[in-house]
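Student: Shown below is the structure under consideration.
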Amino acid sequence: MIESTPAPDPATDSPVRLQAVAAAGQPEVTPALHELYRGFEQELLVPLWTEIGDLMPAHPRSHAAPHLWRWQKLRELAARAGELVPVGRGGERRAIALANPALGGRPFATPTLWAAVQYLMPGEDAPEHRHTQHAFRFVVEGEGVWTVVGRDPVAMRRGDFLPQAGWNWHAHHNATSAPMAWIDGLDIPFQYAGETQFFEFGRDEISAAERATPDRSRAERLWGHPGLRPVGARCPGPGSPLLAYRWKHTDRALTDQLALEAEGFGGTVEPGHAAVRFTDPATAGDVLPTLRAEMHRIARGAETAPVRETGSSVYQVFDGSGTVTVGERTWTVARGDLFTVPSWQPLSIRSEAGATDSDSGALDLFRFSDAPIFEALHLQRTHVEGTTR
């Protein structure tokens, strides 16, 4: 390709810069074309014929990259931060975000998803605040922290998934003598790009009643009964009113799926691959308007078919070990490790888990994605083994 670049015009301070390019499908490079492009620059105009390959590619080309973060290292650094970094007004949370290496140092796991490790020391409180960003907490190890959402104390234990829709007051307190780490997921990058975010400080301290450590929160007592919706309860707004999805229920559902498959019945995603989606008991839809959350269990020796999807995902290994391939990257993974799957990058997973590294004997993975956004916009597309749907 031959490029013709005119001399810079000192009178033009426009951020728009256009080049006349001698190429198939492009206009002939002439002095008149250079003059036209300078006029476009001065008036802040960009012609489609110079940008179509970037703006309208044949398939999604994500700005993010596949990447893996090792839980052992993340937790070590979070513990060091616990010794050095206070929790309180100003910093608000001791949360350490995953920064995708292809996103210019922004604290974003993908262009739409935030993932962070949060760490709370014994006896510490994370002060109350609220924000429009939808959020959740997922616990890969430990217990002893209660999140207080709308003045309702909710226990956080290994394997629990705890969603919290935007604009709900929330705080955390560690009621034990040991530190605890978990992952936070939010739609911060999506709201940041859309310029829609709001934030407010709440009370500096929670009440004595909110420091209670009940086994079940009020939300669980009202909404946490499978298949049963309380007739007299008002749905509080967008997002699930159930504030905790307990591991014992998730584990049983995954175990039963694989057992039914072994008995010759359906229910799994593919051979050896069980999966469940966390849903809103009031609507049966996703737990949060912009975030989808799932648990996957892959039996030892099973391998998932390569799949591409629009939108992006973050996975955390809950238990077991295996091999993950995203695009051209392949990693061995173990408990706690996190990895990203950018839009339209093929993903396949092989389970190498067993009784020595997994309570279930399988590879268990927690996944969250931005799928509800793209489904609402009718932009969701999935490609599995030559079939597009």
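A note on labels: chains of the structure tokens are A, B, ... as shown, every chain counts residues from 1, and ligands are counted from 1 in their shown order.
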For range 204-206 of chain A, please output as a PyMOL selection string all residues within 8 Å (counting only C-alpha atoms; exclusion window: fewer than 5 positions along the same chain).
Tutor: chain A and resi 89+127-128+171+211
Student: Any chance you could list, as a PyMOL selection string, the residues in range 106-214 of chain A that come up helix (DSSP H, G or I) when DSSP is run on the backbone?
Tutor: chain A and resi 188-194+209-211
Student: Counting only C-alpha atoms, which of A:Trp331, A:Trp71, A:Trp49, A:Tyr119 gets nearest to Met180 in chain A?
Tutor: A:Tyr119
Student: Determine, counting only C-alpha atoms, which protein, DNA and RNA residues have an atom within 12 Å of an atom of Ala259 in chain A; residues of the same chain fewer than 6 positions away are not included. Present the result as a ChimeraX atom specification.
Tutor: /A:252-253,265-268,271-274,299
Student: Extract, using only C-alpha atoms, all DNA, RNA and protein residues at most 9 Å from Glu141 in chain A, discarding same-chain residues fewer than 2 positions from it, and format them as a PyMOL selection string.
Tutor: chain A and resi 139+143+157-159+180-182+318+336
Student: For Ala305 in chain A, please output as number ranges by chain all residues within 12 Å (counting only C-alpha atoms; exclusion window: fewer than 4 positions along the same chain).
Tutor: A: 269-273, 298, 324-325, 346-350, 383-387
Student: For the selection just defined, write its residues with all heavy atoms to a file, as a CSV table (one decimal), in the first residue's frame.
Tutor:
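To be explicit, this is the file written out as result_23.csv:
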chain,number,residue,atom,x,y,z
A,269,VAL,N,-25.0,-29.2,30.1
A,269,VAL,CA,-24.7,-28.4,28.9
A,269,VAL,C,-24.2,-29.3,27.7
A,269,VAL,O,-24.5,-29.1,26.6
A,269,VAL,CB,-23.7,-27.3,29.2
A,269,VAL,CG1,-23.3,-26.5,28.0
A,269,VAL,CG2,-24.3,-26.4,30.3
A,270,GLU,N,-23.3,-30.2,28.1
A,270,GLU,CA,-22.6,-31.1,27.2
A,270,GLU,C,-22.1,-32.2,28.0
A,270,GLU,O,-22.1,-32.1,29.3
A,270,GLU,CB,-21.5,-30.4,26.4
A,270,GLU,CG,-20.4,-29.7,27.3
A,270,GLU,CD,-19.5,-28.8,26.5
A,270,GLU,OE1,-19.2,-29.1,25.3
A,270,GLU,OE2,-19.0,-27.8,27.1
A,271,PRO,N,-21.6,-33.3,27.4
A,271,PRO,CA,-21.2,-34.4,28.3
A,271,PRO,C,-20.1,-34.0,29.3
A,271,PRO,O,-19.1,-33.4,29.0
A,271,PRO,CB,-20.6,-35.4,27.2
A,271,PRO,CG,-21.4,-35.1,26.0
A,271,PRO,CD,-21.6,-33.7,26.0
A,272,GLY,N,-20.4,-34.3,30.6
A,272,GLY,CA,-19.5,-34.0,31.6
A,272,GLY,C,-19.5,-32.6,32.1
A,272,GLY,O,-18.6,-32.2,32.9
A,273,HIS,N,-20.4,-31.8,31.6
A,273,HIS,CA,-20.3,-30.3,31.9
A,273,HIS,C,-21.7,-29.9,32.4
A,273,HIS,O,-22.7,-29.7,31.7
A,273,HIS,CB,-20.0,-29.6,30.6
A,273,HIS,CG,-19.9,-28.1,30.8
A,273,HIS,ND1,-19.8,-27.2,29.7
A,273,HIS,CD2,-20.0,-27.3,31.9
A,273,HIS,CE1,-19.8,-26.0,30.1
A,273,HIS,NE2,-19.9,-26.0,31.5
A,298,ILE,N,-17.1,-29.3,35.7
A,298,ILE,CA,-16.6,-30.1,34.6
A,298,ILE,C,-16.0,-31.4,35.1
A,298,ILE,O,-15.0,-31.3,35.9
A,298,ILE,CB,-15.6,-29.4,33.7
A,298,ILE,CG1,-16.3,-28.0,33.2
A,298,ILE,CG2,-15.2,-30.2,32.5
A,298,ILE,CD1,-15.3,-27.1,32.5
A,324,VAL,N,-7.0,-24.5,30.6
A,324,VAL,CA,-7.9,-23.5,29.9
A,324,VAL,C,-7.2,-22.9,28.7
A,324,VAL,O,-6.1,-22.5,28.8
A,324,VAL,CB,-8.3,-22.4,30.9
A,324,VAL,CG1,-9.1,-21.3,30.2
A,324,VAL,CG2,-9.1,-22.9,32.1
A,325,THR,N,-8.0,-22.8,27.6
A,325,THR,CA,-7.5,-22.2,26.4
A,325,THR,C,-8.4,-21.1,26.0
A,325,THR,O,-9.6,-21.3,25.8
A,325,THR,CB,-7.3,-23.2,25.2
A,325,THR,OG1,-6.4,-24.2,25.6
A,325,THR,CG2,-6.8,-22.5,24.0
A,346,PRO,N,-12.3,-17.7,21.4
A,346,PRO,CA,-12.8,-19.1,21.7
A,346,PRO,C,-12.3,-19.6,23.0
A,346,PRO,O,-11.1,-19.3,23.4
A,346,PRO,CB,-12.2,-19.9,20.5
A,346,PRO,CG,-11.0,-19.1,20.0
A,346,PRO,CD,-11.4,-17.7,20.2
A,347,LEU,N,-13.1,-20.2,23.7
A,347,LEU,CA,-12.8,-20.8,25.1
A,347,LEU,C,-13.1,-22.3,25.1
A,347,LEU,O,-14.1,-22.7,24.7
A,347,LEU,CB,-13.7,-20.1,26.1
A,347,LEU,CG,-13.7,-20.8,27.5
A,347,LEU,CD1,-12.4,-20.6,28.2
A,347,LEU,CD2,-14.8,-20.2,28.4
A,348,SER,N,-12.1,-23.0,25.6
A,348,SER,CA,-12.3,-24.4,25.9
A,348,SER,C,-11.6,-24.8,27.2
A,348,SER,O,-10.5,-24.2,27.5
A,348,SER,CB,-11.8,-25.3,24.7
A,348,SER,OG,-10.4,-25.1,24.5
A,349,ILE,N,-12.1,-25.7,27.9
A,349,ILE,CA,-11.6,-26.1,29.2
A,349,ILE,C,-11.6,-27.6,29.4
A,349,ILE,O,-12.5,-28.3,29.0
A,349,ILE,CB,-12.5,-25.5,30.3
A,349,ILE,CG1,-12.7,-24.0,30.2
A,349,ILE,CG2,-12.0,-25.8,31.7
A,349,ILE,CD1,-13.8,-23.4,31.1
A,350,ARG,N,-10.5,-28.1,29.9
A,350,ARG,CA,-10.3,-29.5,30.2
A,350,ARG,C,-10.1,-29.7,31.7
A,350,ARG,O,-9.3,-29.0,32.3
A,350,ARG,CB,-9.2,-30.1,29.4
A,350,ARG,CG,-9.0,-31.6,29.8
A,350,ARG,CD,-7.9,-32.3,29.0
A,350,ARG,NE,-7.6,-33.6,29.4
A,350,ARG,CZ,-8.3,-34.7,29.1
A,350,ARG,NH1,-9.4,-34.5,28.3
A,350,ARG,NH2,-8.0,-35.9,29.6
A,383,HIS,N,-21.3,-19.0,19.2
A,383,HIS,CA,-20.8,-19.9,18.1
A,383,HIS,C,-20.2,-21.1,18.7
A,383,HIS,O,-19.2,-21.0,19.4
A,383,HIS,CB,-19.8,-19.1,17.2
A,383,HIS,CG,-19.3,-19.9,16.1
A,383,HIS,ND1,-19.9,-20.0,14.9
A,383,HIS,CD2,-18.2,-20.7,16.0
A,383,HIS,CE1,-19.2,-20.8,14.0
A,383,HIS,NE2,-18.1,-21.2,14.7
A,384,VAL,N,-20.8,-22.3,18.5
A,384,VAL,CA,-20.2,-23.5,19.1
A,384,VAL,C,-20.1,-24.5,18.0
A,384,VAL,O,-21.0,-24.9,17.3
A,384,VAL,CB,-21.2,-24.1,20.2
A,384,VAL,CG1,-20.6,-25.3,20.8
A,384,VAL,CG2,-21.5,-23.1,21.2
A,385,GLU,N,-18.9,-25.0,17.7
A,385,GLU,CA,-18.5,-26.1,16.8
A,385,GLU,C,-19.3,-25.9,15.5
A,385,GLU,O,-20.0,-26.8,15.0
A,385,GLU,CB,-18.9,-27.4,17.4
A,385,GLU,CG,-18.0,-27.8,18.6
A,385,GLU,CD,-18.3,-29.2,19.1
A,385,GLU,OE1,-19.4,-29.7,18.9
A,385,GLU,OE2,-17.4,-29.7,19.8
A,386,GLY,N,-19.2,-24.7,14.9
A,386,GLY,CA,-19.7,-24.5,13.5
A,386,GLY,C,-21.2,-24.1,13.5
A,386,GLY,O,-21.8,-23.9,12.4
A,387,THR,N,-21.8,-24.0,14.7
A,387,THR,CA,-23.3,-23.6,14.7
A,387,THR,C,-23.4,-22.2,15.4
A,387,THR,O,-22.9,-22.0,16.5
A,387,THR,CB,-24.1,-24.6,15.5
A,387,THR,OG1,-23.9,-25.9,14.9
A,387,THR,CG2,-25.6,-24.2,15.5
Student: Counting only C-alpha atoms, which residues in range 78-195 of chain A sit no more than 7 Å from range 53-68 of chain A? For each one, give the nearest pair of atoms and the distance in Å, sorted by chain then residue number, as a Markdown table.
Tutor:
| residue | atom | partner | partner_atom | distance |
| --- | --- | --- | --- | --- |
| A:Asn100 | CA | A:Ala64 | CA | 6.5 |
| A:Pro101 | CA | A:Ala65 | CA | 6.8 |
| A:Ala102 | CA | A:Ala64 | CA | 5.2 |
| A:Leu103 | CA | A:Ala64 | CA | 6.0 |
| A:Thr110 | CA | A:Ala64 | CA | 5.7 |
| A:Pro111 | CA | A:Ala64 | CA | 6.7 |
Student: Give me, as an MDAnalysis selection string, all polymer residues having an atom no more than 12 Å from Thr196 in chain A, counting only C-alpha atoms and skipping those fewer than 3 positions away in the same chain.
Tutor: chainID A and resid 131:133 166 187:193 199
Student: Please, what distance in Å, to one decimal, runs between CA of Val307 in chain A and CA of Thr323 in chain A?
Tutor: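 One can read the CA of Val307 in chain A to CA of Thr323 in chain A distance as 15.2 Å.
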Student: How many Å lie between CA of Leu162 in chain A and CA of Tyr245 in chain A, rounded to one decimal?
Tutor: 6.3 Å
